[in-house]
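Next comes coords-v2.txt, a file with compact mmCIF, C-alpha atoms and all ligand atoms.
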# COMPACT_ATOMS: atom_id res chain seq x y z
CA MET Q 1 -7.75 5.09 -16.59
CA ILE Q 2 -4.16 5.82 -15.60
CA SER Q 3 -4.10 5.86 -11.80
CA LEU Q 4 -1.95 8.09 -9.63
CA ALA Q 5 -0.12 5.34 -7.73
CA VAL Q 6 -1.38 1.77 -7.63
CA PRO Q 7 0.58 -1.19 -6.31
CA ASP Q 8 2.08 -3.84 -8.57
CA LEU Q 9 1.28 -7.17 -6.88
CA THR Q 10 2.33 -9.47 -9.70
CA GLY Q 11 5.38 -10.96 -7.98
CA ASN Q 12 5.34 -13.57 -5.21
CA GLU Q 13 2.63 -11.81 -3.16
CA LYS Q 14 -0.05 -14.44 -3.76
CA LYS Q 15 2.29 -17.35 -3.22
CA TYR Q 16 3.55 -16.01 0.10
CA LEU Q 17 0.03 -15.18 1.27
CA ASP Q 18 -1.09 -18.72 0.44
CA ASP Q 19 1.82 -19.96 2.46
CA CYS Q 20 0.68 -17.95 5.51
CA ILE Q 21 -2.80 -19.42 5.25
CA ASP Q 22 -1.55 -22.96 4.65
CA THR Q 23 0.73 -22.79 7.69
CA THR Q 24 -1.82 -20.77 9.78
CA PHE Q 25 0.87 -18.20 10.56
CA VAL Q 26 -1.29 -15.16 9.96
CA SER Q 27 -0.58 -13.12 13.07
CA SER Q 28 2.38 -11.12 14.32
CA VAL Q 29 4.75 -14.04 14.73
CA GLY Q 30 5.98 -15.70 11.58
CA GLU Q 31 8.74 -16.33 9.13
CA TYR Q 32 7.74 -13.45 6.84
CA VAL Q 33 7.87 -10.84 9.60
CA THR Q 34 11.43 -11.89 10.40
CA ARG Q 35 12.39 -12.00 6.75
CA PHE Q 36 10.77 -8.64 6.02
CA GLU Q 37 12.63 -7.01 8.90
CA LYS Q 38 15.93 -8.36 7.53
CA MET Q 39 15.13 -7.06 4.06
CA VAL Q 40 14.17 -3.61 5.35
CA ALA Q 41 17.27 -3.38 7.57
CA GLU Q 42 19.48 -4.31 4.64
CA ALA Q 43 17.77 -1.96 2.17
CA THR Q 44 18.00 0.98 4.57
CA GLY Q 45 21.52 0.21 5.76
CA SER Q 46 20.54 -0.11 9.40
CA ARG Q 47 21.49 -2.70 11.98
CA ASN Q 48 17.92 -3.27 13.16
CA ALA Q 49 14.41 -3.01 11.80
CA ILE Q 50 11.10 -3.52 13.59
CA ALA Q 51 8.06 -4.13 11.41
CA VAL Q 52 4.99 -2.24 12.69
CA SER Q 53 1.33 -1.87 11.79
CA ALA Q 54 1.64 1.52 10.02
CA GLY Q 55 3.91 4.46 9.42
CA THR Q 56 1.85 6.45 11.91
CA THR Q 57 2.19 3.88 14.70
CA GLY Q 58 5.89 3.59 13.90
CA LEU Q 59 6.31 7.34 14.30
CA HIS Q 60 4.36 7.29 17.55
CA VAL Q 61 6.41 4.50 19.09
CA ALA Q 62 9.69 6.03 17.87
CA LEU Q 63 8.87 9.39 19.46
CA HIS Q 64 7.69 7.68 22.62
CA ALA Q 65 10.90 5.63 22.77
CA ALA Q 66 12.89 8.84 22.27
CA GLY Q 67 11.29 10.17 25.45
CA VAL Q 68 8.74 12.62 24.03
CA LYS Q 69 6.23 13.35 26.76
CA HIS Q 70 2.99 15.14 27.47
CA GLY Q 71 3.15 18.91 27.00
CA GLU Q 72 6.48 18.93 25.16
CA LEU Q 73 7.28 20.10 21.63
CA VAL Q 74 8.69 18.28 18.61
CA MET Q 75 10.13 20.31 15.73
CA ILE Q 76 8.67 19.15 12.41
CA PRO Q 77 8.11 20.73 9.00
CA THR Q 78 4.62 22.13 8.43
CA PHE Q 79 4.74 20.80 4.88
CA THR Q 80 4.24 17.09 5.55
CA PHE Q 81 1.52 14.50 5.64
CA ILE Q 82 -0.65 15.02 8.72
CA ALA Q 83 0.50 11.72 10.24
CA SER Q 84 3.83 13.33 11.24
CA ALA Q 85 1.92 15.77 13.44
CA ASN Q 86 -0.58 13.16 14.63
CA ALA Q 87 2.23 10.97 15.94
CA VAL Q 88 3.53 13.91 17.99
CA ARG Q 89 0.04 14.57 19.33
CA HIS Q 90 -0.41 10.88 20.22
CA CYS Q 91 2.52 11.37 22.64
CA GLY Q 92 0.55 14.20 24.26
CA ALA Q 93 3.02 16.66 22.74
CA ASP Q 94 2.55 19.38 20.11
CA PRO Q 95 4.39 19.95 16.88
CA TRP Q 96 6.45 23.11 16.54
CA LEU Q 97 5.89 23.81 12.86
CA LEU Q 98 8.70 25.08 10.67
CA ASP Q 99 9.10 26.04 7.04
CA VAL Q 100 10.66 23.92 4.29
CA GLU Q 101 13.17 24.71 1.55
CA ALA Q 102 11.82 25.16 -1.97
CA SER Q 103 14.72 23.14 -3.40
CA THR Q 104 14.01 19.93 -1.44
CA TRP Q 105 10.58 20.40 0.20
CA CYS Q 106 12.36 19.36 3.39
CA LEU Q 107 13.21 21.15 6.62
CA SER Q 108 16.62 22.81 6.50
CA PRO Q 109 19.16 22.39 9.31
CA GLU Q 110 20.04 26.09 9.08
CA THR Q 111 16.41 27.08 9.68
CA VAL Q 112 16.15 24.72 12.63
CA ALA Q 113 19.36 26.03 14.21
CA ALA Q 114 18.33 29.65 13.64
CA GLU Q 115 14.86 29.10 15.14
CA ILE Q 116 16.33 27.38 18.18
CA GLU Q 117 18.72 30.28 18.70
CA LYS Q 118 15.91 32.78 18.28
CA CYS Q 119 13.14 31.10 20.27
CA CYS Q 120 14.73 28.81 22.85
CA GLU Q 121 16.82 28.86 25.97
CA ARG Q 122 18.71 26.16 27.80
CA ARG Q 123 17.50 25.39 31.26
CA GLU Q 124 18.13 22.62 33.68
CA GLY Q 125 16.69 19.51 32.06
CA GLY Q 126 16.92 20.64 28.46
CA LEU Q 127 16.01 23.10 25.78
CA TYR Q 128 12.91 25.25 26.29
CA HIS Q 129 10.76 27.19 23.85
CA ARG Q 130 10.63 30.59 25.54
CA GLU Q 131 7.22 31.85 24.45
CA SER Q 132 5.26 28.70 25.32
CA GLY Q 133 7.53 27.68 28.19
CA ARG Q 134 7.55 24.14 26.86
CA LYS Q 135 10.42 21.72 26.56
CA VAL Q 136 11.65 20.86 23.07
CA ALA Q 137 11.83 17.07 23.16
CA ALA Q 138 12.94 16.03 19.67
CA LEU Q 139 13.75 17.07 16.14
CA MET Q 140 11.92 15.23 13.35
CA PRO Q 141 12.73 16.12 9.74
CA VAL Q 142 10.75 14.42 6.94
CA TYR Q 143 12.32 12.87 3.84
CA THR Q 144 9.70 14.42 1.58
CA LEU Q 145 9.35 12.52 -1.72
CA GLY Q 146 12.37 10.44 -0.68
CA ASN Q 147 14.61 13.52 -0.69
CA ILE Q 148 17.36 13.50 1.91
CA PRO Q 149 18.46 16.87 3.28
CA ASP Q 150 21.89 17.55 4.79
CA MET Q 151 21.76 15.03 7.64
CA THR Q 152 25.32 15.71 8.77
CA ALA Q 153 24.18 19.23 9.56
CA PHE Q 154 20.99 17.96 11.23
CA ARG Q 155 23.08 15.60 13.35
CA ALA Q 156 25.26 18.51 14.44
CA VAL Q 157 22.21 20.59 15.40
CA ALA Q 158 20.63 17.68 17.29
CA ASP Q 159 23.87 16.99 19.18
CA LYS Q 160 24.51 20.65 19.94
CA TYR Q 161 21.11 21.08 21.61
CA GLY Q 162 20.82 17.55 23.00
CA LEU Q 163 17.79 16.59 20.91
CA PRO Q 164 16.94 13.08 19.75
CA LEU Q 165 16.93 12.97 15.92
CA ILE Q 166 13.98 10.98 14.58
CA VAL Q 167 13.14 10.98 10.86
CA ASP Q 168 9.81 10.53 9.14
CA ALA Q 169 11.14 8.46 6.24
CA ALA Q 170 7.64 7.19 5.42
CA CYS Q 171 7.97 7.68 1.68
CA ALA Q 172 11.74 7.21 1.36
CA ILE Q 173 12.36 3.49 0.87
CA GLY Q 174 15.07 3.12 -1.78
CA ALA Q 175 16.55 6.59 -1.26
CA THR Q 176 20.29 7.05 -0.86
CA CYS Q 177 22.59 9.84 0.22
CA ASN Q 178 26.16 9.89 -1.12
CA GLY Q 179 25.44 6.46 -2.57
CA ARG Q 180 24.46 4.96 0.76
CA PRO Q 181 21.04 4.20 2.25
CA PHE Q 182 19.74 6.42 5.01
CA GLY Q 183 19.27 4.05 7.94
CA SER Q 184 22.21 5.29 9.97
CA LEU Q 185 21.65 9.03 9.51
CA ALA Q 186 19.19 9.49 12.40
CA ASP Q 187 18.65 7.82 15.76
CA LEU Q 188 15.50 6.20 14.44
CA SER Q 189 13.92 6.40 10.98
CA VAL Q 190 10.35 5.39 10.28
CA LEU Q 191 9.00 3.98 7.02
CA SER Q 192 5.46 3.43 5.74
CA PHE Q 193 4.23 0.58 3.56
CA ASN Q 194 0.77 1.98 2.98
CA GLY Q 195 -0.95 1.32 -0.35
CA ASN Q 196 0.40 4.38 -2.17
CA LYS Q 197 4.01 4.02 -1.05
CA THR Q 198 6.74 2.59 -3.29
CA ILE Q 199 6.63 -0.71 -1.36
CA THR Q 200 3.32 -1.75 0.14
CA CYS Q 201 2.17 -4.35 2.65
CA GLY Q 202 -1.44 -3.22 2.26
CA GLY Q 203 -0.71 -1.22 5.38
CA GLY Q 204 2.35 -1.28 7.57
CA GLY Q 205 5.52 0.43 8.59
CA ALA Q 206 8.97 -0.09 10.05
CA VAL Q 207 11.24 1.59 12.56
CA VAL Q 208 14.94 1.29 11.74
CA GLY Q 209 18.07 2.28 13.62
CA ASN Q 210 21.54 1.26 14.70
CA SER Q 211 21.34 1.49 18.47
CA GLU Q 212 20.44 -1.87 20.01
CA GLU Q 213 19.23 -0.12 23.11
CA GLN Q 214 16.75 2.05 21.20
CA THR Q 215 15.53 -0.57 18.77
CA ASN Q 216 15.12 -3.14 21.53
CA LEU Q 217 12.99 -0.63 23.38
CA VAL Q 218 10.90 0.00 20.26
CA ARG Q 219 10.43 -3.74 19.75
CA HIS Q 220 9.45 -4.20 23.37
CA LEU Q 221 6.99 -1.29 23.28
CA THR Q 222 5.33 -2.49 20.07
CA THR Q 223 4.70 -5.95 21.54
CA THR Q 224 2.70 -4.69 24.55
CA ALA Q 225 5.92 -4.58 26.65
CA ARG Q 226 5.36 -8.17 27.55
CA VAL Q 227 7.96 -10.03 29.60
CA TRP Q 228 7.67 -13.64 28.54
CA PRO Q 229 6.69 -16.37 29.26
CA ASP Q 230 3.86 -15.23 31.52
CA TYR Q 231 1.42 -12.35 31.45
CA ASP Q 232 3.88 -9.85 32.85
CA PHE Q 233 4.26 -6.37 31.44
CA ASP Q 234 6.79 -3.82 32.59
CA MET Q 235 5.46 -0.73 30.76
CA ALA Q 236 2.25 0.55 29.19
CA GLY Q 237 3.06 -0.81 25.76
CA PHE Q 238 1.39 -0.76 22.36
CA ASN Q 239 0.00 -3.43 20.08
CA TYR Q 240 1.74 -2.11 16.99
CA ARG Q 241 3.24 -5.20 15.39
CA MET Q 242 2.92 -6.03 11.72
CA THR Q 243 1.19 -9.31 10.89
CA ASN Q 244 2.75 -12.16 8.95
CA LEU Q 245 0.12 -11.60 6.23
CA GLN Q 246 1.25 -8.01 5.71
CA ALA Q 247 4.90 -9.04 5.85
CA ALA Q 248 4.31 -11.77 3.25
CA VAL Q 249 3.15 -9.13 0.79
CA GLY Q 250 6.03 -6.90 1.91
CA CYS Q 251 8.66 -9.58 1.26
CA ALA Q 252 7.37 -10.12 -2.26
CA GLN Q 253 7.43 -6.34 -2.82
CA MET Q 254 10.93 -5.91 -1.40
CA GLU Q 255 12.25 -8.50 -3.86
CA ARG Q 256 11.48 -5.92 -6.54
CA LEU Q 257 12.57 -2.77 -4.71
CA SER Q 258 15.30 -1.71 -7.11
CA SER Q 259 13.11 -2.01 -10.20
CA PHE Q 260 10.23 -0.18 -8.47
CA VAL Q 261 12.52 2.69 -7.50
CA ALA Q 262 13.99 2.76 -11.01
CA VAL Q 263 10.49 3.26 -12.46
CA LYS Q 264 9.75 6.01 -9.91
CA ARG Q 265 12.95 7.83 -10.88
CA LYS Q 266 12.25 7.35 -14.55
CA ALA Q 267 8.74 8.83 -14.23
CA ARG Q 268 10.13 11.97 -12.61
CA GLU Q 269 12.86 12.25 -15.22
CA PHE Q 270 10.41 11.65 -18.06
CA TYR Q 271 8.07 14.44 -16.93
CA GLU Q 272 10.94 16.86 -16.45
CA THR Q 273 12.37 16.13 -19.89
CA GLU Q 274 9.19 15.76 -21.92
CA LEU Q 275 7.46 18.72 -20.29
CA GLY Q 276 10.63 20.81 -20.37
CA GLU Q 277 9.06 23.42 -22.66
CA LEU Q 278 6.67 24.39 -19.84
CA THR Q 279 9.54 25.92 -17.89
CA ASP Q 280 9.18 28.88 -20.28
CA GLU Q 281 5.92 29.60 -18.51
CA GLY Q 282 7.42 29.22 -15.05
CA ILE Q 283 6.29 25.66 -14.45
CA THR Q 284 8.81 23.54 -12.56
CA PHE Q 285 9.04 19.91 -11.42
CA PHE Q 286 9.12 18.02 -8.15
CA PRO Q 287 12.57 18.43 -6.60
CA ALA Q 288 14.87 15.44 -6.26
CA THR Q 289 18.06 15.31 -4.21
CA GLU Q 290 20.91 13.13 -5.47
CA GLY Q 291 19.78 9.54 -4.82
CA SER Q 292 16.15 10.52 -4.17
CA SER Q 293 13.68 7.66 -4.38
CA CYS Q 294 11.26 10.00 -6.21
CA TRP Q 295 8.18 8.66 -4.45
CA PHE Q 296 5.86 11.05 -6.29
CA SER Q 297 6.31 13.13 -9.43
CA GLY Q 298 4.54 16.05 -10.97
CA ILE Q 299 4.56 19.73 -11.81
CA VAL Q 300 4.63 22.93 -9.79
CA LEU Q 301 2.74 25.93 -11.18
CA PRO Q 302 4.46 29.32 -11.43
CA GLU Q 303 4.73 31.45 -8.34
CA GLY Q 304 1.39 33.02 -7.54
CA GLY Q 305 -0.47 30.02 -9.01
CA THR Q 306 -3.60 29.00 -7.15
CA LEU Q 307 -5.21 25.85 -5.85
CA GLU Q 308 -8.07 26.50 -8.30
CA THR Q 309 -5.65 26.33 -11.23
CA ALA Q 310 -4.06 23.16 -9.87
CA LYS Q 311 -7.51 21.63 -9.51
CA ALA Q 312 -8.50 22.75 -13.01
CA ILE Q 313 -5.49 20.90 -14.39
CA CYS Q 314 -6.51 17.78 -12.45
CA SER Q 315 -10.05 18.02 -13.89
CA SER Q 316 -8.74 18.44 -17.40
CA LEU Q 317 -6.54 15.34 -17.02
CA LYS Q 318 -9.45 13.40 -15.62
CA GLU Q 319 -11.35 14.00 -18.84
CA ASP Q 320 -8.49 12.20 -20.60
CA GLY Q 321 -8.75 9.26 -18.17
CA ILE Q 322 -5.77 10.33 -16.08
CA GLU Q 323 -5.77 10.65 -12.32
CA ALA Q 324 -3.90 13.67 -10.93
CA ARG Q 325 -4.12 15.32 -7.53
CA THR Q 326 -3.07 18.26 -5.48
CA PHE Q 327 -0.67 17.55 -2.64
CA TRP Q 328 -0.26 18.01 1.13
CA LYS Q 329 -1.96 20.98 2.76
CA PRO Q 330 0.44 22.22 5.44
CA VAL Q 331 -0.14 21.16 9.04
CA HIS Q 332 -0.51 24.72 10.38
CA LEU Q 333 -3.61 25.11 8.18
CA GLN Q 334 -5.20 21.94 9.60
CA LYS Q 335 -7.85 22.32 12.29
CA PRO Q 336 -6.22 20.20 15.02
CA TYR Q 337 -2.92 22.10 14.72
CA GLU Q 338 -4.01 25.72 14.13
CA ASP Q 339 -2.81 26.83 17.55
CA CYS Q 340 0.54 25.06 17.63
CA PRO Q 341 3.75 27.06 17.88
CA ARG Q 342 5.09 27.89 14.48
CA SER Q 343 7.84 29.86 12.88
CA LYS Q 344 7.84 31.51 9.45
CA VAL Q 345 6.03 29.20 7.02
CA SER Q 346 6.01 31.32 3.87
CA VAL Q 347 7.67 28.78 1.55
CA ALA Q 348 5.15 26.08 2.47
CA GLU Q 349 2.26 28.53 2.13
CA GLY Q 350 3.38 29.66 -1.30
CA LEU Q 351 4.10 26.15 -2.48
CA TRP Q 352 1.36 23.73 -1.54
CA GLN Q 353 -1.40 25.24 -3.68
CA ARG Q 354 0.68 25.07 -6.85
CA ILE Q 355 1.39 21.34 -6.88
CA VAL Q 356 -0.09 18.81 -9.30
CA THR Q 357 0.89 15.21 -8.65
CA LEU Q 358 0.99 13.08 -11.79
CA PRO Q 359 0.69 9.29 -12.24
CA CYS Q 360 3.81 7.46 -11.06
CA SER Q 361 2.87 3.86 -10.24
CA THR Q 362 5.76 1.42 -9.96
CA ASN Q 363 4.54 -0.29 -13.14
CA ILE Q 364 3.68 2.75 -15.25
CA SER Q 365 4.70 2.29 -18.89
CA GLU Q 366 6.40 4.74 -21.21
CA GLU Q 367 3.27 4.81 -23.34
CA GLU Q 368 1.22 5.84 -20.31
CA LEU Q 369 3.79 8.47 -19.33
CA SER Q 370 3.55 9.88 -22.86
CA ARG Q 371 -0.24 10.04 -22.61
CA VAL Q 372 0.08 11.98 -19.35
CA VAL Q 373 2.58 14.38 -20.92
CA ALA Q 374 0.27 15.12 -23.87
CA SER Q 375 -2.67 15.66 -21.55
CA VAL Q 376 -0.71 18.04 -19.27
CA LYS Q 377 0.42 20.11 -22.27
CA LYS Q 378 -3.17 20.33 -23.42
CA ALA Q 379 -4.42 21.31 -19.96
CA VAL Q 380 -1.81 24.03 -19.54
CA LYS Q 381 -2.61 25.43 -22.99
CA THR Q 382 -6.35 25.51 -22.24
CA ILE Q 383 -5.86 27.24 -18.91
CA ARG Q 384 -3.49 29.78 -20.40
CA SER Q 385 -6.06 30.80 -23.00
CA CYS Q 386 -8.78 31.31 -20.38
C1 LIG J 1 2.50 7.90 4.25
C2 LIG J 1 3.09 8.85 5.19
C3 LIG J 1 2.90 8.71 6.58
C4 LIG J 1 1.92 7.77 7.21
O1 LIG J 1 2.11 6.43 7.02
P1 LIG J 1 0.89 5.41 7.26
O2 LIG J 1 1.52 4.08 6.99
O3 LIG J 1 -0.17 5.76 6.28
O4 LIG J 1 0.44 5.55 8.66
C5 LIG J 1 3.58 9.57 7.43
N1 LIG J 1 4.38 10.54 6.95
C6 LIG J 1 4.57 10.72 5.63
C7 LIG J 1 5.53 11.79 5.18
C8 LIG J 1 3.92 9.89 4.70
O5 LIG J 1 4.11 10.11 3.40
Can the structure from this file be put into structure tokens for me?
Ligand SMILES: *Cc1c(COP(=O)(O)O)cnc(C)c1O
Amino acid sequence: MISLAVPDLTGNEKKYLDDCIDTTFVSSVGEYVTRFEKMVAEATGSRNAIAVSAGTTGLHVALHAAGVKHGELVMIPTFTFIASANAVRHCGADPWLLDVEASTWCLSPETVAAEIEKCCERREGGLYHRESGRKVAALMPVYTLGNIPDMTAFRAVADKYGLPLIVDAACAIGATCNGRPFGSLADLSVLSFNGNKTITCGGGGAVVGNSEEQTNLVRHLTTTARVWPDYDFDMAGFNYRMTNLQAAVGCAQMERLSSFVAVKRKAREFYETELGELTDEGITFFPATEGSSCWFSGIVLPEGGTLETAKAICSSLKEDGIEARTFWKPVHLQKPYEDCPRSKVSVAEGLWQRIVTLPCSTNISEEELSRVVASVKKAVKTIRSC
């Protein structure tokens, strides 16, 4: 069986885990947590990194630290993993759902600026969404697939309207923009180290940023807002810290970041090249911005393609011992978020049903990639003749 995305744990993972157990440092204080935070800060080009228990908890604490409050709105793309919206909801706020660009699968700064102009007004205390009467509290683009949109333009929009700029960079470790990592492009960026991400800690996440004030607040909030040495707490904090056990695995993974990302990029490239003939039938490939970390790879069916066809391709691949899957269903189509404010979402609606994600583990071999390619060609041929 060729799996969709399984971790490669053949480095120092076991050794570092043994070390945690031998030294009894298994909880949220320990040498590996500190080391992991240094490695993540360096890899993302940010001054500070705080290791947390998950991408979702990282997003929640980042939005909370940015001042997002009950009843407010956070602008996010509808085409994202549901955790982006859940983190907004955990603040008592609602997502304002916006469309993505077909060329990056990310929010576009032009769309955000246009929607603000169309739907909002400035009042004392901030920017307000006219129809719902609610305050817009933050702007949160997502680095879908490790693609980085025009962040200079996003920064300008955020500054113009006085919005904190938080990024869901959950699947973006290893991505660069103009040759540089992304850690300084937003106020706070949040990563995930869940099992299917490029780097995994089993579960885990990190919040990165350059402002000491903001990252100190995030660190404080994630550690129950405790004021040492006694049992004093100055805020209602969270218990969101990563454990030394998770960080031990993370350190071993981070040692191999560049080779993992290289394999991810190669998989995307391989599918695009070797399946190139399918473009004649309107099939395209997952988009990648310059420097993308290419978290996932796969094909996109021609316009008008259906979820049934995408699923039929997955079934056909399964018969050849290959795992393939459809991709994110947009947030506005999810039960908890049906009633949230949204703008035009036609790109996301036309896109999500046509996506087939193909195997792209960090240790996938060329022979396996070739097997996938042959199986996809076969599946497309079979479906065409039906
Ligand atoms: C994986 C992912 C998350 C959630 O991260 P967890 O660590 O699973 O909580 C959030 N947003 C996006 C875009 C993701 O891909």
Return as JSON the box centre and box size in Å, one decimal, for an axis-aligned box around all listed atoms of segment 117-120 of chain Q padded by 5 Å per side.
{"center_x": 15.9, "center_y": 30.8, "center_z": 20.6, "size_x": 15.6, "size_y": 14.0, "size_z": 14.6}
*Restricting the calculation to only C-alpha atoms, which member of Q:Asp159, Q:Glu349, Q:Glu368, Q:Glu121 is positioned closest to Thr306 of chain Q?*
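Counting only C-alpha atoms, the residue closest to Thr306 of chain Q is Q:Glu349.
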_Contact residues around Val88 of chain Q with all atoms listed in the file at 12 Å, ignoring same-chain residues under 2 positions, as a ChimeraX atom specification_ = /Q:56-64,66-76,82-86,90-97,136-140,166,168,336-337,340
Export, as a PDB file, keeping the file's coordinate frame, the selected residues with C-alpha atoms.
ATOM      1  CA  THR Q  56       1.850   6.450  11.910  1.00  0.00           C
ATOM      2  CA  THR Q  57       2.190   3.880  14.700  1.00  0.00           C
ATOM      3  CA  GLY Q  58       5.890   3.590  13.900  1.00  0.00           C
ATOM      4  CA  LEU Q  59       6.310   7.340  14.300  1.00  0.00           C
ATOM      5  CA  HIS Q  60       4.360   7.290  17.550  1.00  0.00           C
ATOM      6  CA  VAL Q  61       6.410   4.500  19.090  1.00  0.00           C
ATOM      7  CA  ALA Q  62       9.690   6.030  17.870  1.00  0.00           C
ATOM      8  CA  LEU Q  63       8.870   9.390  19.460  1.00  0.00           C
ATOM      9  CA  HIS Q  64       7.690   7.680  22.620  1.00  0.00           C
ATOM     10  CA  ALA Q  66      12.890   8.840  22.270  1.00  0.00           C
ATOM     11  CA  GLY Q  67      11.290  10.170  25.450  1.00  0.00           C
ATOM     12  CA  VAL Q  68       8.740  12.620  24.030  1.00  0.00           C
ATOM     13  CA  LYS Q  69       6.230  13.350  26.760  1.00  0.00           C
ATOM     14  CA  HIS Q  70       2.990  15.140  27.470  1.00  0.00           C
ATOM     15  CA  GLY Q  71       3.150  18.910  27.000  1.00  0.00           C
ATOM     16  CA  GLU Q  72       6.480  18.930  25.160  1.00  0.00           C
ATOM     17  CA  LEU Q  73       7.280  20.100  21.630  1.00  0.00           C
ATOM     18  CA  VAL Q  74       8.690  18.280  18.610  1.00  0.00           C
ATOM     19  CA  MET Q  75      10.130  20.310  15.730  1.00  0.00           C
ATOM     20  CA  ILE Q  76       8.670  19.150  12.410  1.00  0.00           C
ATOM     21  CA  ILE Q  82      -0.650  15.020   8.720  1.00  0.00           C
ATOM     22  CA  ALA Q  83       0.500  11.720  10.240  1.00  0.00           C
ATOM     23  CA  SER Q  84       3.830  13.330  11.240  1.00  0.00           C
ATOM     24  CA  ALA Q  85       1.920  15.770  13.440  1.00  0.00           C
ATOM     25  CA  ASN Q  86      -0.580  13.160  14.630  1.00  0.00           C
ATOM     26  CA  HIS Q  90      -0.410  10.880  20.220  1.00  0.00           C
ATOM     27  CA  CYS Q  91       2.520  11.370  22.640  1.00  0.00           C
ATOM     28  CA  GLY Q  92       0.550  14.200  24.260  1.00  0.00           C
ATOM     29  CA  ALA Q  93       3.020  16.660  22.740  1.00  0.00           C
ATOM     30  CA  ASP Q  94       2.550  19.380  20.110  1.00  0.00           C
ATOM     31  CA  PRO Q  95       4.390  19.950  16.880  1.00  0.00           C
ATOM     32  CA  TRP Q  96       6.450  23.110  16.540  1.00  0.00           C
ATOM     33  CA  LEU Q  97       5.890  23.810  12.860  1.00  0.00           C
ATOM     34  CA  VAL Q 136      11.650  20.860  23.070  1.00  0.00           C
ATOM     35  CA  ALA Q 137      11.830  17.070  23.160  1.00  0.00           C
ATOM     36  CA  ALA Q 138      12.940  16.030  19.670  1.00  0.00           C
ATOM     37  CA  LEU Q 139      13.750  17.070  16.140  1.00  0.00           C
ATOM     38  CA  MET Q 140      11.920  15.230  13.350  1.00  0.00           C
ATOM     39  CA  ILE Q 166      13.980  10.980  14.580  1.00  0.00           C
ATOM     40  CA  ASP Q 168       9.810  10.530   9.140  1.00  0.00           C
ATOM     41  CA  PRO Q 336      -6.220  20.200  15.020  1.00  0.00           C
ATOM     42  CA  TYR Q 337      -2.920  22.100  14.720  1.00  0.00           C
ATOM     43  CA  CYS Q 340       0.540  25.060  17.630  1.00  0.00           C
TER      44      CYS Q 340
END
May I have a table of the residues of chain Q lying at most 6 Å from ligand LIG 1 (chain J), giving each one's closest pair of atoms and their distance in Å to one decimal, counting only C-alpha atoms and all ligand atoms, ordered by chain and ascending residue number, as a tab-separated table?
residue	atom	partner	partner_atom	distance
Q:Ala54	CA	J:LIG1	O2	4.0
Q:Gly55	CA	J:LIG1	O2	3.4
Q:Thr56	CA	J:LIG1	O4	3.7
Q:Thr80	CA	J:LIG1	C7	5.5
Q:Phe81	CA	J:LIG1	C6	4.9
Q:Ala83	CA	J:LIG1	C5	4.7
Q:Ser84	CA	J:LIG1	N1	5.1
Q:Asp168	CA	J:LIG1	N1	5.9
Q:Ala170	CA	J:LIG1	C8	4.7
Q:Cys171	CA	J:LIG1	O5	4.9
Q:Ser192	CA	J:LIG1	O2	4.2
Q:Phe193	CA	J:LIG1	O2	5.6
Q:Asn194	CA	J:LIG1	O2	4.6
Q:Gly203	CA	J:LIG1	O2	6.0
Q:Gly204	CA	J:LIG1	O2	5.5
Q:Gly205	CA	J:LIG1	O2	5.6
*asked:* Calculated over all atoms listed in the file, which of the candidates Q:Pro141, Q:Gly350, Q:Pro287, Q:Gly276 has the smallest distance to Pro302 of chain Q?
replied: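 Of the candidates, the smallest distance to Pro302 of chain Q is held by Q:Gly350.
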Could you add the missing atoms to segment 277-285 of chain Q, up to N, CA and C atoms, and return them as an mmCIF file, keeping the file's coordinate frame?
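Wrote rebuild-v5.cif, looks like this:
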data_model
loop_
_atom_site.group_PDB
_atom_site.id
_atom_site.type_symbol
_atom_site.label_atom_id
_atom_site.label_comp_id
_atom_site.auth_asym_id
_atom_site.auth_seq_id
_atom_site.Cartn_x
_atom_site.Cartn_y
_atom_site.Cartn_z
ATOM 1 N N GLU Q 277 9.459 22.147 -22.037
ATOM 2 C CA GLU Q 277 9.060 23.420 -22.660
ATOM 3 C C GLU Q 277 8.187 24.274 -21.729
ATOM 4 N N LEU Q 278 7.545 23.628 -20.747
ATOM 5 C CA LEU Q 278 6.670 24.390 -19.840
ATOM 6 C C LEU Q 278 7.443 25.290 -18.883
ATOM 7 N N THR Q 279 8.745 25.050 -18.770
ATOM 8 C CA THR Q 279 9.540 25.920 -17.890
ATOM 9 C C THR Q 279 9.541 27.359 -18.406
ATOM 10 N N ASP Q 280 9.292 27.525 -19.716
ATOM 11 C CA ASP Q 280 9.180 28.880 -20.280
ATOM 12 C C ASP Q 280 8.051 29.652 -19.626
ATOM 13 N N GLU Q 281 7.046 28.925 -19.158
ATOM 14 C CA GLU Q 281 5.920 29.600 -18.510
ATOM 15 C C GLU Q 281 6.039 29.579 -16.996
ATOM 16 N N GLY Q 282 7.209 29.188 -16.505
ATOM 17 C CA GLY Q 282 7.420 29.220 -15.050
ATOM 18 C C GLY Q 282 7.031 27.950 -14.330
ATOM 19 N N ILE Q 283 6.629 26.937 -15.098
ATOM 20 C CA ILE Q 283 6.290 25.660 -14.450
ATOM 21 C C ILE Q 283 7.583 24.912 -14.126
ATOM 22 N N THR Q 284 7.636 24.324 -12.946
ATOM 23 C CA THR Q 284 8.810 23.540 -12.560
ATOM 24 C C THR Q 284 8.361 22.129 -12.163
ATOM 25 N N PHE Q 285 9.317 21.324 -11.691
ATOM 26 C CA PHE Q 285 9.040 19.910 -11.420
ATOM 27 C C PHE Q 285 9.356 19.579 -9.966
#
